[in-house]
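Q: Input input20.txt, format and content: compact mmCIF, C-alpha atoms.
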# COMPACT_ATOMS: atom_id res chain seq x y z
CA MET A 8 12.91 28.06 5.64
CA THR A 9 10.10 27.49 8.12
CA THR A 10 10.80 28.53 11.71
CA TYR A 11 9.03 27.45 14.87
CA LYS A 12 8.58 29.38 18.07
CA ILE A 13 9.58 27.27 21.04
CA VAL A 14 7.67 27.87 24.26
CA GLU A 15 9.91 26.85 27.13
CA ALA A 16 8.39 24.47 29.65
CA PRO A 17 8.37 25.54 33.28
CA ALA A 18 11.50 24.72 35.25
CA ASN A 19 9.68 22.11 37.34
CA SER A 20 7.95 20.51 34.34
CA THR A 21 8.19 16.76 33.79
CA ILE A 22 8.51 17.25 30.02
CA GLU A 23 10.80 19.14 27.71
CA ALA A 24 9.78 21.70 25.10
CA TYR A 25 9.06 19.98 21.80
CA GLN A 26 10.45 20.84 18.36
CA PRO A 27 9.23 19.09 15.20
CA TYR A 28 11.71 18.06 12.51
CA GLY A 29 11.54 16.64 9.00
CA ALA A 30 8.28 14.96 8.04
CA VAL A 31 6.81 15.72 11.46
CA ALA A 32 7.28 19.44 10.79
CA ASP A 33 5.58 18.93 7.41
CA LEU A 34 2.68 17.24 9.19
CA TRP A 35 2.30 20.27 11.46
CA LEU A 36 2.18 22.64 8.48
CA CYS A 37 -0.06 20.45 6.34
CA ARG A 38 -3.60 21.70 5.74
CA SER A 39 -4.88 18.73 3.75
CA HIS A 40 -8.11 17.33 5.11
CA GLU A 41 -6.53 13.86 5.10
CA SER A 42 -2.87 13.24 5.93
CA ILE A 43 -0.74 10.39 7.25
CA ILE A 44 2.88 10.32 8.31
CA ALA A 45 4.46 6.95 7.49
CA GLY A 46 7.87 5.53 8.20
CA PRO A 47 9.89 2.88 9.99
CA ALA A 48 9.77 2.32 13.73
CA GLU A 49 11.26 4.91 16.09
CA THR A 50 11.20 7.90 13.74
CA GLY A 51 9.11 9.93 16.22
CA LYS A 52 5.98 10.04 14.10
CA THR A 53 3.53 9.11 16.89
CA ARG A 54 5.03 11.61 19.31
CA GLY A 55 4.94 14.31 16.65
CA ALA A 56 1.32 13.61 15.74
CA LEU A 57 0.28 13.65 19.41
CA GLU A 58 2.10 16.93 19.99
CA LEU A 59 0.19 18.39 17.06
CA LEU A 60 -3.08 17.12 18.52
CA ASN A 61 -2.30 18.78 21.85
CA LEU A 62 -1.39 22.02 20.12
CA LEU A 63 -4.71 22.11 18.24
CA LEU A 64 -6.69 21.48 21.43
CA TRP A 65 -4.96 24.37 23.17
CA LYS A 66 -5.01 26.72 20.19
CA TYR A 67 -8.73 26.53 19.37
CA PRO A 68 -11.01 26.82 22.45
CA GLY A 69 -13.94 24.45 22.49
CA THR A 70 -12.33 22.07 19.99
CA GLN A 71 -13.81 18.58 19.81
CA ALA A 72 -11.17 16.03 18.77
CA VAL A 73 -10.73 12.26 18.82
CA MET A 74 -7.78 9.93 19.33
CA ILE A 75 -8.62 6.54 17.92
CA ARG A 76 -7.18 3.18 16.96
CA LYS A 77 -8.60 0.08 15.35
CA VAL A 78 -8.90 -1.72 18.71
CA TYR A 79 -9.20 0.24 21.95
CA ALA A 80 -7.38 -2.40 24.01
CA ASP A 81 -4.19 -1.61 22.07
CA MET A 82 -4.20 2.05 23.15
CA PRO A 83 -3.41 2.23 26.91
CA GLY A 84 0.05 0.72 26.57
CA THR A 85 0.95 2.59 23.40
CA CYS A 86 -0.34 5.96 22.24
CA ILE A 87 -2.15 6.82 25.50
CA GLN A 88 1.03 6.14 27.45
CA THR A 89 2.99 8.46 25.14
CA TRP A 90 0.19 11.03 25.33
CA GLU A 91 0.12 11.18 29.12
CA LYS A 92 3.80 10.83 29.96
CA LYS A 93 5.57 12.62 27.14
CA VAL A 94 3.01 15.09 25.76
CA LEU A 95 0.86 16.12 28.72
CA GLY A 96 3.27 15.44 31.55
CA ASP A 97 2.41 17.54 34.62
CA SER A 98 -0.37 19.29 32.66
CA LEU A 99 -2.41 16.24 33.63
CA GLY A 100 -3.36 15.32 37.15
CA ASP A 101 -4.50 16.84 40.42
CA ASN A 102 -2.51 20.03 39.95
CA GLY A 103 -2.63 20.23 36.17
CA PRO A 104 -5.09 22.11 33.98
CA ILE A 105 -6.11 19.01 31.98
CA THR A 106 -8.56 16.53 33.53
CA LYS A 107 -8.85 12.89 32.55
CA TYR A 108 -12.11 10.94 32.81
CA GLY A 109 -12.21 7.15 32.82
CA GLY A 110 -9.24 6.17 34.96
CA GLU A 111 -6.98 3.48 33.52
CA LYS A 112 -9.20 3.28 30.45
CA PRO A 113 -9.68 6.98 29.63
CA GLN A 114 -12.75 8.08 27.73
CA PHE A 115 -11.92 11.77 27.30
CA TYR A 116 -9.66 14.61 28.44
CA ASP A 117 -11.00 18.09 29.23
CA TYR A 118 -8.98 21.26 28.72
CA PRO A 119 -9.51 24.52 30.65
CA ASN A 120 -10.45 26.29 27.38
CA LYS A 121 -13.45 23.94 26.95
CA SER A 122 -11.69 21.75 24.40
CA ARG A 123 -12.20 18.00 24.74
CA LEU A 124 -10.29 15.00 23.41
CA TRP A 125 -12.34 11.83 23.05
CA VAL A 126 -10.55 8.45 23.11
CA GLY A 127 -11.86 5.26 21.57
CA GLY A 128 -11.41 2.27 19.32
CA LEU A 129 -13.24 1.49 16.12
CA ASP A 130 -14.21 -1.85 17.65
CA ASN A 131 -16.44 0.02 20.11
CA PRO A 132 -16.50 3.74 19.26
CA GLY A 133 -19.37 4.64 21.61
CA LYS A 134 -19.57 8.41 22.13
CA THR A 135 -16.21 8.96 20.44
CA LEU A 136 -17.80 9.21 17.00
CA SER A 137 -21.35 10.00 18.04
CA SER A 138 -21.25 13.55 16.64
CA GLU A 139 -19.17 15.99 14.61
CA ARG A 140 -15.50 16.50 15.49
CA ASP A 141 -13.03 19.17 14.47
CA PHE A 142 -9.97 16.92 14.37
CA ALA A 143 -9.35 13.17 14.33
CA TYR A 144 -6.02 11.51 15.04
CA ILE A 145 -5.59 7.83 14.14
CA ASN A 146 -2.76 5.82 15.66
CA GLN A 147 -1.39 2.94 13.56
CA ALA A 148 -3.57 3.85 10.60
CA GLU A 149 -2.29 0.87 8.59
CA GLU A 150 -4.48 -1.35 10.79
CA LEU A 151 -7.65 0.30 9.47
CA GLU A 152 -9.71 -0.76 6.51
CA LEU A 153 -10.56 1.87 3.95
CA THR A 154 -14.17 1.88 5.16
CA ASP A 155 -12.92 2.71 8.68
CA TRP A 156 -10.94 5.68 7.42
CA GLU A 157 -13.80 6.95 5.27
CA THR A 158 -16.16 6.68 8.25
CA LEU A 159 -13.84 8.92 10.22
CA THR A 160 -13.77 11.50 7.43
CA THR A 161 -17.56 11.76 7.65
CA ARG A 162 -17.25 12.81 11.31
CA VAL A 163 -14.79 15.60 10.52
CA THR A 164 -16.48 17.79 7.94
CA GLY A 165 -16.41 21.24 9.51
CA ARG A 166 -19.91 21.20 10.96
CA ALA A 167 -18.52 21.12 14.51
CA GLY A 168 -17.35 24.66 13.79
CA ASN A 169 -14.86 25.12 16.64
CA ALA A 170 -11.75 25.54 14.48
CA PRO A 171 -11.05 27.41 11.22
CA TYR A 172 -10.22 24.14 9.43
CA THR A 173 -10.59 20.41 9.99
CA ARG A 174 -8.16 17.52 9.67
CA VAL A 175 -8.10 13.75 9.77
CA PHE A 176 -4.49 12.76 10.35
CA GLY A 177 -2.60 9.74 11.54
CA ASP A 178 0.64 7.82 11.70
CA CYS A 179 1.48 4.40 10.35
CA ASN A 180 4.17 1.87 9.65
CA PRO A 181 4.45 0.81 6.00
CA GLY A 182 2.27 -2.04 4.82
CA SER A 183 1.98 -3.85 1.51
CA ARG A 184 2.43 -2.11 -1.81
CA THR A 185 -1.28 -2.54 -2.49
CA HIS A 186 -2.38 -0.97 0.81
CA TRP A 187 -5.29 1.47 0.56
CA ILE A 188 -3.14 4.22 2.11
CA LEU A 189 -0.79 4.17 -0.87
CA GLU A 190 -3.67 3.97 -3.29
CA ARG A 191 -5.50 6.88 -1.67
CA ALA A 192 -2.30 8.92 -1.76
CA ASN A 193 -1.79 8.06 -5.43
CA GLU A 194 -5.33 9.26 -6.10
CA ASN A 195 -4.44 12.61 -4.44
CA LYS A 196 -7.11 12.12 -1.80
CA LEU A 197 -4.58 11.89 1.02
CA THR A 198 -1.25 13.57 1.73
CA LEU A 199 1.31 10.90 2.61
CA LEU A 200 4.46 12.09 4.40
CA HIS A 201 7.53 9.88 4.83
CA SER A 202 9.47 10.11 8.07
CA ARG A 203 13.06 8.99 8.59
CA HIS A 204 15.14 8.07 11.58
CA GLU A 205 17.09 11.27 10.99
CA ASP A 206 13.86 13.17 11.84
CA ASN A 207 14.01 11.94 15.45
CA PRO A 208 16.28 14.23 17.51
CA THR A 209 16.81 11.51 20.11
CA LEU A 210 18.46 9.37 17.43
CA PHE A 211 20.26 12.02 15.38
CA ASP A 212 21.49 15.40 16.58
CA PRO A 213 19.37 17.98 14.71
CA VAL A 214 22.34 20.37 14.36
CA THR A 215 25.32 18.14 13.63
CA LYS A 216 23.25 15.34 12.04
CA GLU A 217 25.43 12.86 13.92
CA ILE A 218 23.89 9.72 15.35
CA THR A 219 23.41 9.82 19.12
CA SER A 220 24.22 7.08 21.59
CA GLN A 221 20.49 6.32 21.80
CA GLY A 222 20.37 6.23 18.01
CA GLN A 223 23.14 3.64 17.91
CA VAL A 224 21.26 1.42 20.34
CA THR A 225 17.92 1.82 18.59
CA LEU A 226 19.21 1.23 15.06
CA SER A 227 21.27 -1.76 16.14
CA ILE A 228 18.08 -3.35 17.47
CA LEU A 229 16.18 -2.56 14.28
CA ASP A 230 19.07 -3.86 12.18
CA ASN A 231 18.59 -7.26 13.80
CA LEU A 232 15.07 -7.58 12.42
CA THR A 233 14.65 -9.95 9.50
CA GLY A 234 12.45 -10.34 6.46
CA LEU A 235 9.29 -8.32 6.23
CA ARG A 236 9.76 -6.66 9.63
CA HIS A 237 13.21 -5.41 8.66
CA SER A 238 11.94 -4.05 5.36
CA ARG A 239 9.06 -2.18 6.95
CA LEU A 240 10.24 -1.26 10.45
CA ARG A 241 13.91 -0.60 9.72
CA LEU A 242 13.92 0.52 6.09
CA GLY A 243 10.42 1.98 5.89
CA GLN A 244 9.54 0.07 2.73
CA TRP A 245 6.02 -0.76 1.61
CA VAL A 246 6.47 -4.45 0.89
CA SER A 247 4.49 -7.64 1.16
CA ALA A 248 4.65 -10.86 3.10
CA GLN A 249 7.64 -13.13 3.57
CA GLY A 250 7.92 -15.87 0.99
CA GLN A 251 7.26 -13.52 -1.91
CA ILE A 252 8.10 -15.40 -5.08
CA TYR A 253 9.08 -12.57 -7.39
CA ASP A 254 11.60 -9.81 -6.82
CA TYR A 255 9.32 -7.17 -8.30
CA ASP A 256 9.99 -3.47 -7.80
CA PRO A 257 7.48 -0.98 -9.24
CA ALA A 258 10.21 1.65 -9.38
CA ILE A 259 12.00 -0.59 -11.90
CA HIS A 260 9.40 -2.76 -13.59
CA LEU A 261 6.44 -0.37 -13.80
CA ILE A 262 7.33 2.19 -16.45
CA ASP A 263 5.80 5.05 -18.39
CA PRO A 264 4.33 3.94 -21.74
CA LEU A 265 6.62 4.15 -24.74
CA PRO A 266 5.92 3.93 -28.48
CA ILE A 267 5.85 0.37 -29.80
CA PRO A 268 7.45 0.18 -33.26
CA PRO A 269 5.48 -1.81 -35.84
CA ASP A 270 8.26 -4.38 -36.22
CA TRP A 271 8.18 -5.50 -32.59
CA ARG A 272 6.55 -8.86 -31.93
CA ARG A 273 3.13 -8.70 -30.27
CA PHE A 274 1.11 -11.47 -28.67
CA ARG A 275 -1.67 -11.92 -26.12
CA CYS A 276 -1.96 -14.17 -23.08
CA ILE A 277 -5.19 -15.10 -21.33
CA ASP A 278 -6.09 -16.66 -18.00
CA PHE A 279 -9.80 -17.48 -17.94
CA GLY A 280 -12.12 -16.53 -15.12
CA LEU A 281 -15.65 -15.47 -14.26
CA LYS A 282 -15.87 -15.33 -10.48
CA HIS A 283 -12.11 -15.02 -10.48
CA PRO A 284 -10.70 -12.36 -12.80
CA PHE A 285 -10.43 -12.95 -16.52
CA VAL A 286 -6.98 -11.60 -17.36
CA CYS A 287 -5.80 -10.77 -20.84
CA GLY A 288 -2.40 -9.18 -21.35
CA TRP A 289 -1.14 -7.64 -24.57
CA TRP A 290 2.63 -8.17 -24.77
CA ALA A 291 5.32 -6.61 -26.95
CA VAL A 292 8.86 -7.92 -27.46
CA ASP A 293 11.64 -5.49 -28.35
CA HIS A 294 14.80 -6.28 -30.32
CA ASP A 295 16.65 -7.15 -27.09
CA GLU A 296 13.94 -9.69 -26.21
CA ARG A 297 12.54 -7.57 -23.39
CA LEU A 298 8.84 -8.09 -22.63
CA TYR A 299 6.30 -5.32 -22.06
CA ILE A 300 2.66 -5.52 -20.97
CA TYR A 301 1.22 -2.58 -22.86
CA ARG A 302 -2.48 -3.33 -22.34
CA GLN A 303 -4.45 -5.48 -19.92
CA ILE A 304 -7.99 -6.59 -19.11
CA TYR A 305 -8.52 -7.66 -15.50
CA MET A 306 -12.22 -8.21 -14.89
CA THR A 307 -14.71 -10.49 -13.13
CA GLY A 308 -18.32 -11.31 -13.98
CA ARG A 309 -18.16 -11.24 -17.78
CA THR A 310 -18.40 -14.12 -20.21
CA VAL A 311 -15.64 -15.12 -22.59
CA ALA A 312 -17.87 -14.06 -25.49
CA THR A 313 -18.15 -10.56 -24.03
CA HIS A 314 -14.41 -10.41 -23.46
CA SER A 315 -13.79 -11.59 -27.01
CA LYS A 316 -15.61 -8.61 -28.46
CA GLN A 317 -13.59 -6.21 -26.33
CA ILE A 318 -10.31 -7.94 -27.19
CA ASN A 319 -11.03 -7.64 -30.90
CA GLN A 320 -12.02 -4.01 -30.54
CA LEU A 321 -8.94 -3.07 -28.52
CA SER A 322 -6.55 -4.98 -30.78
CA GLY A 323 -7.82 -3.23 -33.89
CA ASN A 324 -5.35 -3.65 -36.74
CA GLU A 325 -2.45 -4.71 -34.52
CA ARG A 326 -0.49 -7.67 -35.86
CA ILE A 327 -0.88 -10.26 -33.11
CA GLU A 328 1.47 -13.21 -33.46
CA GLU A 329 -0.39 -15.58 -31.11
CA THR A 330 -2.99 -15.69 -28.37
CA VAL A 331 -1.75 -18.02 -25.61
CA CYS A 332 -4.43 -19.35 -23.26
CA ASP A 333 -5.18 -21.41 -20.23
CA HIS A 334 -6.34 -24.92 -21.17
CA ASP A 335 -10.09 -24.70 -20.65
CA ALA A 336 -11.43 -26.27 -23.84
CA GLU A 337 -14.84 -24.59 -23.82
CA ASP A 338 -13.44 -21.12 -23.22
CA ARG A 339 -10.81 -21.58 -25.92
CA GLN A 340 -13.52 -22.70 -28.32
CA THR A 341 -15.53 -19.57 -27.52
CA LEU A 342 -12.53 -17.38 -28.32
CA ALA A 343 -12.02 -19.19 -31.62
CA GLU A 344 -15.69 -18.83 -32.56
CA ASN A 345 -15.35 -15.10 -31.97
CA GLY A 346 -12.39 -14.67 -34.27
CA ILE A 347 -9.53 -15.20 -31.81
CA PRO A 348 -7.48 -18.28 -32.76
CA ASN A 349 -5.38 -19.47 -29.86
CA ILE A 350 -2.85 -21.99 -28.58
CA ALA A 351 -2.53 -23.70 -25.22
CA ALA A 352 -0.06 -22.29 -22.72
CA LYS A 353 2.89 -24.18 -21.31
CA LYS A 354 1.68 -24.60 -17.74
CA ASP A 355 4.43 -26.27 -15.70
CA VAL A 356 4.29 -24.01 -12.66
CA LEU A 357 7.79 -24.20 -11.16
CA TRP A 358 9.44 -24.12 -14.57
CA GLY A 359 7.36 -21.12 -15.58
CA ILE A 360 8.02 -19.31 -12.30
CA GLY A 361 11.72 -19.70 -12.98
CA LYS A 362 11.27 -18.04 -16.37
CA VAL A 363 9.51 -15.07 -14.81
CA GLN A 364 12.12 -14.77 -12.07
CA ASP A 365 14.88 -14.70 -14.68
CA ARG A 366 13.18 -11.89 -16.56
CA LEU A 367 12.62 -9.75 -13.46
CA LYS A 368 16.34 -9.79 -12.65
CA LYS A 369 18.56 -6.95 -13.83
CA GLN A 370 20.86 -8.01 -16.64
CA VAL A 371 24.41 -6.83 -17.45
CA ASP A 372 22.99 -3.61 -18.91
CA GLY A 373 21.33 -2.83 -15.55
CA LYS A 374 17.80 -3.45 -16.86
CA PRO A 375 15.39 -6.33 -16.31
CA ARG A 376 13.67 -8.05 -19.22
CA LEU A 377 10.06 -7.62 -18.11
CA PHE A 378 8.12 -4.37 -17.80
CA ILE A 379 4.53 -3.24 -17.32
CA PHE A 380 3.25 0.04 -18.70
CA LYS A 381 1.68 2.38 -16.20
CA ASN A 382 -2.04 2.86 -16.90
CA SER A 383 -2.11 -0.25 -19.10
CA LEU A 384 -5.32 -1.37 -17.39
CA VAL A 385 -8.26 -0.82 -19.73
CA GLU A 386 -10.94 -0.64 -17.05
CA VAL A 387 -11.02 -0.90 -13.25
CA ASP A 388 -13.14 -3.71 -11.83
CA GLN A 389 -14.95 -1.70 -9.17
CA LEU A 390 -16.01 -4.80 -7.23
CA LEU A 391 -12.41 -5.96 -6.87
CA LYS A 392 -11.39 -2.48 -5.85
CA LEU A 393 -14.16 -2.27 -3.29
CA GLU A 394 -13.14 -5.61 -1.81
CA ARG A 395 -9.49 -4.49 -1.63
CA ARG A 396 -8.43 -7.28 -3.95
CA PRO A 397 -5.89 -6.82 -6.74
CA TYR A 398 -7.46 -5.36 -9.86
CA ALA A 399 -4.40 -5.16 -12.11
CA VAL A 400 -1.57 -7.55 -12.91
CA GLU A 401 1.07 -5.42 -11.17
CA GLN A 402 -0.89 -5.52 -7.90
CA GLU A 403 -0.53 -9.30 -7.58
CA PHE A 404 3.25 -9.49 -7.27
CA ASP A 405 3.34 -8.57 -3.58
CA GLY A 406 0.85 -11.24 -2.57
CA TYR A 407 2.25 -14.06 -4.70
CA ILE A 408 3.98 -16.20 -2.10
CA TRP A 409 5.10 -19.77 -1.50
CA THR A 410 2.88 -22.07 0.53
CA ASN A 411 5.88 -23.09 2.69
CA THR A 412 9.64 -22.89 2.94
CA THR A 413 10.16 -25.78 0.50
CA LYS A 414 9.09 -23.47 -2.34
CA GLU A 415 7.31 -26.24 -4.18
CA GLN A 416 3.93 -24.59 -4.68
CA PRO A 417 2.65 -20.99 -4.70
CA VAL A 418 -0.43 -20.01 -2.74
CA LYS A 419 -3.42 -20.23 -5.09
CA GLN A 420 -5.02 -16.91 -4.29
CA TYR A 421 -5.09 -13.66 -6.25
CA ASP A 422 -2.74 -15.19 -8.82
CA ASP A 423 -4.63 -14.87 -12.11
CA GLY A 424 -2.34 -12.16 -13.41
CA MET A 425 0.67 -14.14 -12.25
CA ASP A 426 -0.55 -17.17 -14.19
CA MET A 427 -0.99 -15.01 -17.29
CA THR A 428 2.52 -13.58 -16.85
CA ARG A 429 3.94 -17.06 -16.46
CA TYR A 430 2.27 -18.16 -19.70
CA ALA A 431 3.85 -15.19 -21.49
CA CYS A 432 7.38 -15.89 -20.30
CA ALA A 433 6.98 -19.60 -21.03
CA PHE A 434 5.79 -18.77 -24.55
CA VAL A 435 8.76 -16.54 -25.36
CA ASP A 436 11.39 -18.49 -23.42
CA GLY A 437 9.94 -21.97 -23.84
CA ASP A 438 12.69 -23.48 -25.97
CA VAL A 439 14.07 -25.31 -22.91
CA ASP A 440 11.68 -27.55 -20.97
CA ASN A 441 14.10 -29.58 -18.84
CA GLY A 442 12.68 -32.79 -20.27
CA ILE A 443 9.25 -32.11 -18.79
CA GLU A 444 6.21 -32.60 -20.98
CA ILE A 445 4.37 -29.32 -20.64
CA GLY A 446 1.46 -27.59 -22.29
CA VAL A 447 -0.31 -30.82 -23.25
CA ASN A 448 -3.58 -29.79 -24.81
CA PRO A 449 -6.56 -32.17 -24.54
CA VAL A 450 -8.25 -30.49 -27.50
CA SER A 451 -7.10 -29.25 -30.87
CA ASP A 452 -5.48 -25.84 -31.20
CA TYR A 453 -8.14 -23.28 -32.12
CA ARG A 454 -6.10 -21.26 -34.56
CA GLY A 455 -8.53 -21.04 -37.41
What would you get if you wrote out this structure as structure tokens?
A:
Amino acid sequence: MTTYKIVEAPANSTIEAYQPYGAVADLWLCRSHESIIAGPAETGKTRGALELLNLLLWKYPGTQAVMIRKVYADMPGTCIQTWEKKVLGDSLGDNGPITKYGGEKPQFYDYPNKSRLWVGGLDNPGKTLSSERDFAYINQAEELELTDWETLTTRVTGRAGNAPYTRVFGDCNPGSRTHWILERANENKLTLLHSRHEDNPTLFDPVTKEITSQGQVTLSILDNLTGLRHSRLRLGQWVSAQGQIYDYDPAIHLIDPLPIPPDWRRFRCIDFGLKHPFVCGWWAVDHDERLYIYRQIYMTGRTVATHSKQINQLSGNERIEETVCDHDAEDRQTLAENGIPNIAAKKDVLWGIGKVQDRLKKQVDGKPRLFIFKNSLVEVDQLLKLERRPYAVEQEFDGYIWTNTTKEQPVKQYDDGMDMTRYACAFVDGDVDNGIEIGVNPVSDYRG
């Protein structure tokens, strides 16, 4: 068990001695070059990160560090207020050892050991990022773009040379499931720590683990949040916007690959695109009628003829029952001319959405009827990744939302994989059409 030495504050101090708990303690011990502590509101992650920053400035004389946020105007009433009142206390001011420069809009803080903390926003970094720094702390890191974060890492490389190691660390509230923070953590480029309300000693007694009176007040307020804010700020979940159409959970629906027996049905579904992604999903159907995406192409900038060659190569000797496609006549003809006979998809949107929703629900056996294999993506579209757009079918679920509360039409953006998924469910479950004429094909079926 890790222990911490507590240095008692002077009797006349305006602040109390600080003790880190839970994920905050892990942040203090972490030596990863990049780390972020994430969690719901009021878990003490900002206070803990600022206390760490202060410790580093005192511990290593001459240290050059930065405190930064996306927009500087958001700092004085948030992290700077916590920094001055709760972390520095009477160490700052006329009689304190730490000197602030810049008045109500501080630019930097000087320590008696020659350390300096620069303060700035990425909207106008000025001298904050003008040279090498030993440490960088980012408040509300979820507000940053990936390019912002990577820019900060280039300013903290060790060349400043005032500390034995360097760190870029921050705090954040959860964002969407496709946020770059999660992706960077999944790529093992960033250590992501998850804080809980139980980590905050003002909310839960660190010895008895009982909720405090302040904890009861705080959690009752957070419990009154609704929708996306409740999911992120109360529960600490990485979820997407309100109005999400599908109840998709990667912990349930995104699974490790499993062997596909030769007697399972297999088919392909395609949503055409050039500027938008061309999406082709290979689907398998087990004996309980569960659907699995076991392979997928998700790519922009390539012709249907080029895709056809790759589809044929990847399919090999697999027995493909059908290839179900969007209705573009020219693109379907190109597939057929390249040895891929195909049929038109059933395209009624609301009807098809209902089919997908039904399959995502857990059934009496506790399992849904739609799954996606992890690592089913054949190739990453680097342009989509660079632009922070979805580049795999599973990344679209979070952003697939209704245009309004009437739930009559989904937003037509980043939905190519969702269209392909809808075609698949409509193909397998399309025996009931509610009297609606669907899938009308203006050209003949190109099935060879």
Q: Nearest to Thr173 (chain A): which of A:Thr160, A:Thr209, A:Thr185, A:Asn102 is it, counting only C-alpha atoms?
A: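 Among the listed residues, the smallest separation from Thr173 (chain A) belongs to A:Thr160.
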Q: Would you mind reading off the distance between CA of Val435 (chain A) and CA of Asp278 (chain A), one decimal, in Å?
A: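 Going from CA of Val435 (chain A) over to CA of Asp278 (chain A) covers 16.6 Å.
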Q: Which residue out of A:Tyr299, A:Trp245, A:Tyr67, A:Tyr116 has the minimum interatomic distance to Ile379 (chain A) when all atoms listed in the file are used?
A: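 The shortest atom-to-atom distance to Ile379 (chain A) comes from A:Tyr299.
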Q: Separation of CA of Ser227 (chain A) and CA of Met82 (chain A), in Å?
A: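 CA of Met82 (chain A) lies at a distance of 26.7 Å from CA of Ser227 (chain A).
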Q: Given only C-alpha atoms as the basis, pick out the residue of A:Glu49, A:Asp270, A:Asp293, A:His283 nearest to Cys179 (chain A).
A: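 Comparing A:Glu49, A:Asp270, A:Asp293, A:His283 against Cys179 (chain A), the winner is A:Glu49.
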Q: Kindly indicate which residue among A:Gly55, A:Asp426, A:Thr410, A:Phe404 lies nearest to Ser247 (chain A), using all atoms listed in the file for the distances.
A: A:Phe404
Q: Please rebuild region 301-315 of chain A with N, CA and C atoms and give the result as a compact mmCIF listing (two decimals), in the coordinates of the input.
A:
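Saved to out_18.txt:
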# COMPACT_ATOMS: atom_id res chain seq x y z
N TYR A 301 1.62 -3.93 -22.47
CA TYR A 301 1.22 -2.58 -22.86
C TYR A 301 -0.29 -2.36 -22.76
N ARG A 302 -1.03 -3.45 -22.51
CA ARG A 302 -2.48 -3.33 -22.34
C ARG A 302 -2.94 -4.54 -21.54
N GLN A 303 -3.96 -4.34 -20.69
CA GLN A 303 -4.45 -5.48 -19.92
C GLN A 303 -5.94 -5.33 -19.60
N ILE A 304 -6.63 -6.46 -19.64
CA ILE A 304 -7.99 -6.59 -19.11
C ILE A 304 -7.88 -7.41 -17.83
N TYR A 305 -8.53 -6.96 -16.78
CA TYR A 305 -8.52 -7.66 -15.50
C TYR A 305 -9.93 -7.47 -14.92
N MET A 306 -10.80 -8.45 -15.13
CA MET A 306 -12.22 -8.21 -14.89
C MET A 306 -12.94 -9.49 -14.49
N THR A 307 -13.85 -9.37 -13.53
CA THR A 307 -14.71 -10.49 -13.13
C THR A 307 -16.11 -10.30 -13.70
N GLY A 308 -16.89 -11.40 -13.71
CA GLY A 308 -18.32 -11.31 -13.98
C GLY A 308 -18.73 -11.16 -15.42
N ARG A 309 -17.81 -11.36 -16.36
CA ARG A 309 -18.16 -11.24 -17.78
C ARG A 309 -17.81 -12.54 -18.50
N THR A 310 -18.62 -12.89 -19.47
CA THR A 310 -18.40 -14.12 -20.21
C THR A 310 -17.23 -13.98 -21.18
N VAL A 311 -16.74 -15.13 -21.62
CA VAL A 311 -15.64 -15.12 -22.59
C VAL A 311 -16.10 -14.48 -23.90
N ALA A 312 -17.35 -14.69 -24.26
CA ALA A 312 -17.87 -14.06 -25.49
C ALA A 312 -17.83 -12.54 -25.39
N THR A 313 -18.20 -12.01 -24.22
CA THR A 313 -18.15 -10.56 -24.03
C THR A 313 -16.71 -10.06 -24.08
N HIS A 314 -15.83 -10.79 -23.42
CA HIS A 314 -14.41 -10.41 -23.46
C HIS A 314 -13.86 -10.46 -24.88
N SER A 315 -14.30 -11.44 -25.65
CA SER A 315 -13.79 -11.59 -27.01
C SER A 315 -14.07 -10.35 -27.84
